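Enquirer: What follows is the file model.tsv, containing TSV, C-alpha atoms:
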```
chain	number	residue	atom	x	y	z
A	1	MET	CA	20.62	3.20	0.33
A	2	GLN	CA	21.99	-0.10	1.55
A	3	GLN	CA	20.69	-1.74	4.68
A	4	TYR	CA	22.81	-4.29	6.56
A	5	LEU	CA	20.53	-6.65	8.44
A	6	ASP	CA	23.32	-8.86	9.73
A	7	SER	CA	26.76	-10.03	8.64
A	8	GLU	CA	25.35	-12.29	5.92
A	9	ILE	CA	22.24	-10.38	4.69
A	10	THR	CA	22.09	-6.99	2.98
A	11	ILE	CA	19.32	-5.16	1.16
A	12	SER	CA	20.25	-2.69	-1.53
A	13	TYR	CA	18.01	0.06	-2.89
A	14	ASN	CA	20.52	0.92	-5.58
A	15	PRO	CA	21.48	-2.50	-6.99
A	16	THR	CA	24.22	-2.92	-9.56
A	17	ASN	CA	23.98	-4.22	-13.12
A	18	GLN	CA	25.64	-7.44	-11.97
A	19	GLN	CA	22.92	-7.98	-9.38
A	20	PHE	CA	20.25	-7.55	-12.05
A	21	ILE	CA	22.05	-10.03	-14.32
A	22	GLU	CA	22.12	-12.64	-11.54
A	23	ILE	CA	18.40	-12.15	-10.84
A	24	GLU	CA	17.62	-12.45	-14.54
A	25	ALA	CA	19.56	-15.72	-14.66
A	26	TRP	CA	17.64	-17.45	-11.87
A	27	LEU	CA	14.31	-16.09	-13.08
A	28	PHE	CA	15.08	-17.61	-16.48
A	29	ASP	CA	16.07	-20.91	-14.87
A	30	GLU	CA	12.89	-21.01	-12.75
A	31	ASN	CA	10.73	-20.36	-15.79
A	32	LYS	CA	12.55	-22.99	-17.86
A	33	LYS	CA	12.34	-25.72	-15.22
A	34	LYS	CA	8.95	-25.06	-13.60
A	35	LYS	CA	7.15	-22.58	-15.88
A	36	GLU	CA	6.81	-20.37	-12.80
A	37	GLY	CA	8.08	-17.05	-11.54
A	38	PHE	CA	8.30	-13.60	-13.06
A	39	TYR	CA	10.67	-14.10	-15.98
A	40	LYS	CA	7.75	-13.25	-18.28
A	41	ASN	CA	7.66	-9.87	-16.51
A	42	LEU	CA	11.36	-9.21	-16.96
A	43	ASN	CA	10.71	-5.98	-18.86
A	44	PHE	CA	8.86	-4.62	-15.82
A	45	VAL	CA	11.71	-5.67	-13.54
A	46	LYS	CA	14.22	-3.95	-15.84
A	47	SER	CA	12.08	-0.81	-15.92
A	48	ALA	CA	12.00	-0.77	-12.10
A	49	PHE	CA	15.78	-1.22	-12.06
A	50	ASP	CA	16.27	1.70	-14.45
A	51	SER	CA	13.95	3.96	-12.42
A	52	HIS	CA	15.49	2.98	-9.04
A	53	GLN	CA	12.28	1.38	-7.80
A	54	ILE	CA	13.71	-2.00	-6.91
A	55	ALA	CA	15.37	-3.47	-3.84
A	56	VAL	CA	17.52	-6.60	-3.87
A	57	ILE	CA	18.22	-8.87	-0.90
A	58	THR	CA	21.59	-10.59	-0.81
A	59	TYR	CA	22.56	-13.58	1.33
A	60	LYS	CA	26.14	-14.80	1.52
A	61	SER	CA	26.94	-12.82	-1.65
A	62	MET	CA	24.00	-14.45	-3.51
A	63	ASN	CA	21.27	-12.17	-4.85
A	64	ILE	CA	18.30	-14.23	-3.72
A	65	GLY	CA	15.29	-11.93	-4.06
A	66	PHE	CA	13.89	-8.59	-5.10
A	67	VAL	CA	10.83	-6.35	-4.87
A	68	THR	CA	9.66	-3.61	-7.24
A	69	TRP	CA	7.20	-0.79	-6.61
A	70	PHE	CA	5.60	2.40	-7.85
A	71	ILE	CA	4.83	5.49	-5.73
A	72	TYR	CA	1.69	7.47	-6.57
A	73	ALA	CA	1.13	11.10	-5.53
A	74	ASP	CA	3.97	10.78	-2.98
A	75	LYS	CA	1.66	9.03	-0.50
A	76	ILE	CA	0.66	5.66	-1.95
A	77	ALA	CA	3.07	2.87	-2.91
A	78	THR	CA	2.05	-0.10	-5.03
A	79	ILE	CA	4.17	-3.23	-4.69
A	80	GLU	CA	4.30	-4.66	-8.20
A	81	ILE	CA	6.55	-7.73	-8.08
A	82	ALA	CA	8.16	-9.51	-5.13
A	83	GLU	CA	10.02	-12.79	-5.42
A	84	ILE	CA	12.54	-14.88	-3.54
A	85	HIS	CA	14.71	-17.49	-5.26
A	86	PRO	CA	12.96	-20.90	-4.96
A	87	LYS	CA	15.88	-22.34	-2.97
A	88	TYR	CA	15.53	-19.67	-0.27
A	89	ARG	CA	11.76	-19.51	0.21
A	90	LYS	CA	10.06	-20.12	3.56
A	91	LYS	CA	13.20	-19.11	5.40
A	92	GLY	CA	12.18	-15.59	6.43
A	93	PHE	CA	14.00	-13.71	3.66
A	94	GLY	CA	10.79	-12.37	2.13
A	95	LYS	CA	9.68	-10.98	5.50
A	96	LYS	CA	13.05	-9.27	5.98
A	97	LEU	CA	12.82	-7.75	2.51
A	98	ILE	CA	9.28	-6.38	2.89
A	99	THR	CA	9.89	-5.17	6.46
A	100	SER	CA	12.90	-3.26	5.18
A	101	LEU	CA	10.85	-1.87	2.29
A	102	ILE	CA	8.16	-0.60	4.67
A	103	ASP	CA	10.84	1.28	6.63
A	104	TYR	CA	12.12	2.68	3.33
A	105	PHE	CA	8.63	3.88	2.37
A	106	ILE	CA	8.18	5.53	5.75
A	107	SER	CA	11.45	7.41	5.21
A	108	LYS	CA	9.99	8.66	1.90
A	109	ASN	CA	6.78	9.87	3.62
A	110	VAL	CA	4.60	7.19	2.02
A	111	SER	CA	1.40	6.59	4.03
A	112	VAL	CA	-0.12	3.41	2.62
A	113	ILE	CA	0.87	0.39	0.50
A	114	LYS	CA	-1.32	-1.67	-1.83
A	115	LEU	CA	-0.71	-4.80	-3.87
A	116	GLN	CA	-2.32	-7.64	-5.78
A	117	CYS	CA	-2.02	-11.23	-4.58
A	118	ALA	CA	-0.42	-12.91	-7.58
A	119	PRO	CA	-0.06	-15.82	-7.40
A	120	ALA	CA	-3.14	-16.34	-5.24
A	121	GLU	CA	-1.25	-18.45	-2.70
A	122	SER	CA	0.79	-15.38	-1.74
A	123	GLU	CA	-2.26	-14.00	0.11
A	124	LYS	CA	-1.35	-15.83	3.32
A	125	VAL	CA	2.16	-14.42	3.24
A	126	TRP	CA	0.98	-10.83	2.78
A	127	LYS	CA	-1.65	-11.12	5.51
A	128	LYS	CA	1.02	-12.36	7.94
A	129	LEU	CA	2.86	-9.12	7.16
A	130	GLY	CA	-0.18	-7.09	8.21
A	131	PHE	CA	-1.88	-6.47	4.86
A	132	ILE	CA	-5.68	-6.60	4.83
A	133	GLU	CA	-8.44	-6.74	2.23
A	134	PHE	CA	-10.16	-3.69	0.80
A	135	PRO	CA	-13.77	-3.14	1.90
A	136	ASN	CA	-16.46	-4.51	-0.40
A	137	ASN	CA	-17.36	-2.31	-3.38
A	138	CYS	CA	-14.27	-0.17	-2.81
A	139	LEU	CA	-12.24	-0.77	-5.94
A	140	GLU	CA	-13.38	0.72	-9.23
A	141	TRP	CA	-12.34	-2.29	-11.28
A	142	ASN	CA	-12.65	-6.02	-10.83
A	143	SER	CA	-9.23	-7.64	-10.71
A	144	GLU	CA	-8.83	-11.39	-10.99
A	145	ASN	CA	-6.30	-11.11	-8.16
A	146	LYS	CA	-7.29	-10.13	-4.62
A	147	GLU	CA	-6.03	-6.69	-3.61
A	148	LEU	CA	-4.68	-5.89	-0.15
A	149	TYR	CA	-3.40	-2.79	1.59
A	150	LYS	CA	-1.51	-1.68	4.68
A	151	ILE	CA	-1.41	1.76	6.29
A	152	ILE	CA	2.14	2.26	7.53
A	153	VAL	CA	1.92	5.55	9.46
A	154	PRO	CA	0.07	6.51	12.64
A	155	HIS	CA	-3.47	7.53	11.66
A	156	SER	CA	-6.85	8.36	13.10
A	157	LEU	CA	-9.06	5.32	13.68
A	158	PRO	CA	-12.81	5.23	12.98
A	159	THR	CA	-15.08	5.74	15.97
A	160	SER	CA	-18.63	4.59	16.66
A	161	THR	CA	-19.54	7.77	18.58
A	162	THR	CA	-18.07	11.22	18.13
A	163	SER	CA	-16.39	13.02	21.01
A	164	THR	CA	-15.64	16.32	19.25
A	165	ASN	CA	-17.80	19.02	17.66
A	166	GLU	CA	-16.32	18.37	14.22
A	167	TYR	CA	-16.11	15.09	12.37
A	168	ILE	CA	-16.26	13.30	9.02
A	169	GLU	CA	-18.62	10.48	8.06
A	170	LEU	CA	-18.18	8.02	5.18
A	171	TRP	CA	-20.64	5.62	3.56
A	172	ASP	CA	-19.72	2.73	1.28
A	173	LYS	CA	-22.58	3.74	-1.04
A	174	GLU	CA	-23.57	6.64	-3.24
A	175	ILE	CA	-25.79	9.38	-1.80
A	176	TYR	CA	-29.03	8.19	-3.38
A	177	LYS	CA	-28.51	4.73	-1.87
A	178	SER	CA	-27.66	5.92	1.64
A	179	SER	CA	-30.30	8.50	2.55
A	180	ASN	CA	-31.74	6.32	5.33
A	181	ILE	CA	-28.56	4.48	6.30
A	182	ILE	CA	-26.16	5.50	9.05
A	183	SER	CA	-22.57	6.05	8.01
A	184	LYS	CA	-20.26	3.05	8.03
A	185	TRP	CA	-17.21	4.98	9.27
A	186	LYS	CA	-16.79	8.13	11.32
A	187	TRP	CA	-13.70	10.09	12.41
A	188	ASP	CA	-13.34	12.86	14.96
A	189	PHE	CA	-11.34	15.92	13.95
A	190	ASN	CA	-8.62	16.35	16.56
A	191	PHE	CA	-6.44	19.34	15.79
A	192	ILE	CA	-2.97	20.35	16.84
A	193	THR	CA	-3.34	23.24	19.29
A	194	ASN	CA	-3.83	26.62	17.60
A	195	SER	CA	-3.82	25.13	14.09
A	196	ASN	CA	-6.10	23.56	11.50
A	197	LEU	CA	-3.81	20.54	11.16
A	198	LEU	CA	-5.03	17.17	12.35
A	199	THR	CA	-2.98	15.49	15.06
A	200	LEU	CA	-3.21	12.30	12.99
A	201	PRO	CA	-4.23	11.95	9.33
A	202	ILE	CA	-7.40	10.16	8.28
A	203	ILE	CA	-6.50	7.36	5.86
A	204	HIS	CA	-9.01	4.83	4.62
A	205	PRO	CA	-9.86	2.91	1.42
A	206	CYS	CA	-12.69	4.55	-0.51
A	207	ASP	CA	-14.40	4.90	-3.86
A	208	GLN	CA	-14.78	8.30	-5.49
A	209	GLU	CA	-18.55	7.78	-5.77
A	210	TRP	CA	-19.08	7.09	-2.07
A	211	ARG	CA	-20.90	9.58	0.13
A	212	ILE	CA	-18.93	11.71	2.58
A	213	GLN	CA	-20.26	14.25	5.09
A	214	TRP	CA	-18.52	16.95	7.11
A	215	VAL	CA	-20.26	18.07	10.31
A	216	LYS	CA	-19.26	20.95	12.57
A	217	ASP	CA	-21.17	22.20	15.62
A	218	LYS	CA	-24.11	19.98	14.59
A	219	GLN	CA	-24.30	21.71	11.22
A	220	ILE	CA	-23.65	19.89	7.96
A	221	ILE	CA	-20.87	21.76	6.19
A	222	GLN	CA	-20.84	19.49	3.16
A	223	ASN	CA	-22.58	16.30	2.04
A	224	ASP	CA	-21.38	15.04	-1.33
A	225	LYS	CA	-19.54	12.39	-3.28
A	226	VAL	CA	-15.92	11.94	-2.26
A	227	LYS	CA	-14.75	13.19	-5.66
A	228	TYR	CA	-16.52	16.52	-5.14
A	229	PHE	CA	-15.82	17.00	-1.47
A	230	ASN	CA	-14.68	20.48	-0.46
A	231	ASP	CA	-13.05	21.11	-3.85
A	232	GLN	CA	-9.85	19.53	-2.57
A	233	GLU	CA	-7.80	16.52	-3.64
A	234	ILE	CA	-8.56	14.42	-0.58
A	235	ARG	CA	-8.88	11.16	-2.49
A	236	LEU	CA	-5.68	9.65	-3.80
A	237	GLY	CA	-6.10	6.52	-5.89
A	238	ASP	CA	-8.18	4.07	-3.86
A	239	PHE	CA	-7.84	5.96	-0.58
A	240	LEU	CA	-9.31	8.82	1.37
A	241	ILE	CA	-6.42	10.83	2.82
A	242	ILE	CA	-7.12	13.92	4.93
```
Step by step, read the file and then write its structure as structure tokens.
Expert:
Amino acid sequence: MQQYLDSEITISYNPTNQQFIEIEAWLFDENKKKKEGFYKNLNFVKSAFDSHQIAVITYKSMNIGFVTWFIYADKIATIEIAEIHPKYRKKGFGKKLITSLIDYFISKNVSVIKLQCAPAESEKVWKKLGFIEFPNNCLEWNSENKELYKIIVPHSLPTSTTSTNEYIELWDKEIYKSSNIISKWKWDFNFITNSNLLTLPIIHPCDQEWRIQWVKDKQIIQNDKVKYFNDQEIRLGDFLII
């Protein structure tokens, strides 16, 4: 896949060996001059190149940036490394690259993207692109870098009051800690006519130990930890996906 953004900018999802060599050269130069950049992660970049999980942005025949990723369970993409050549930063090239990548993920049926803010100053850039922070206590490990996510497909939004006879509730605590606490999030089940398919999926960050409850016709169908809910794989990585 090669996307032509205008006459001078292209983004390739199947870059050539020569493009990789040029990227390696300026990563090496950046590391040598400023002790910055991702040259120390070159093995990861090469692995992404070999597995076709890298996109390269080219401007006036110069390969000025790249982004690598990993797709988990067909629905969740993790952006691993994204960098623009120092000479071309703060000129909108990074935004063009990530916007293109989001469109690419959508074409591959990916639902949500996550990433770590490394270096820390990249947080502002990612938030301008619509990425937001995970809820407190959501992630199972403590990373030294802030983690952000972005849902990239239409999805059901939480509601404060239910308007259907069937809905899901989610707490950001385990069951024994939430017995007298109202749920933090709630989603109505809206089905496609004459089917058991939701009109829009429910997608939300969650922890496998959190409490989830399914209610239908005022009866509790199930009240359990997310990881045990309904004997189905509804939790993928750090997200609840129904």
Enquirer: When you look at A:Glu30 with a cut-off of 12 Å (counting all atoms listed in the file), what residues show up, excluding the ones that are within fewer than 3 positions of it in the same chain? I need them as a list in words.
Expert: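 That gives Ile23, Glu24, Ala25, Trp26, Leu27, Lys33, Lys34, Lys35, Glu36, Gly37, Phe38, Tyr39, Lys40, Glu83, Ile84, His85, Pro86 and Lys87 of chain A.
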Enquirer: Got a sec: who's within 7 Å of A:Phe70, counting all atoms listed in the file, leaving out chain neighbours fewer than 2 positions off, as a list of chain:residue names?
Expert: A:Gln53, A:Tyr72, A:Ala77, A:Thr78, A:Ile79
Enquirer: Hey, what's within 9 Å of A:Thr58 if we count all atoms listed in the file and toss same-chain stuff fewer than 6 positions away? As an NGL selection string, please?
Expert: :A and (8-12 or 64-65)
Enquirer: Neighbouring residues of A:Asn109 were defined as those with any atom within 9 Å, considering only C-alpha atoms; residues of the same chain fewer than 4 positions away were excluded. Please report them as a list of chain:residue names.
Expert: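 My list of contacting residues is A:Asp74, A:Lys75, A:Tyr104, A:Phe105, A:Val153.
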Enquirer: Take the selection from the previous step and output its residues with C-alpha atoms, as an mmCIF file, keeping the file's coordinate frame.
Expert:
```
data_model
loop_
_atom_site.group_PDB
_atom_site.id
_atom_site.type_symbol
_atom_site.label_atom_id
_atom_site.label_comp_id
_atom_site.auth_asym_id
_atom_site.auth_seq_id
_atom_site.Cartn_x
_atom_site.Cartn_y
_atom_site.Cartn_z
ATOM 1 C CA ASP A 74 3.970 10.780 -2.980
ATOM 2 C CA LYS A 75 1.660 9.030 -0.500
ATOM 3 C CA TYR A 104 12.120 2.680 3.330
ATOM 4 C CA PHE A 105 8.630 3.880 2.370
ATOM 5 C CA VAL A 153 1.920 5.550 9.460
#
```
Enquirer: Could you jot down the atom CA of A:Ser156 to atom CA of A:Ser178 separation for me, Å, one decimal place?
Expert: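 Straight-line distance from atom CA of A:Ser156 to atom CA of A:Ser178 works out to 23.9 Å.
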Enquirer: If we count only C-alpha atoms, what is near A:Glu209 at a cut-off of 12 Å, once residues fewer than 3 positions away on the same chain are taken out, given as a ChimeraX atom specification?
Expert: /A:137-140,170-178,206,212,224-229,235,238,240
Enquirer: By how many Å are atom CA of A:Asn196 and atom CA of A:Ser160 apart?
Expert: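 Computed distance, atom CA of A:Asn196 to atom CA of A:Ser160, equals 23.3 Å.
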Enquirer: Tell me which of A:Ile202, A:Leu148, A:Ile221, A:Ala48 sits closest to A:Asn190, counting only C-alpha atoms.
Expert: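 Smallest distance to A:Asn190 is found for A:Ile202.
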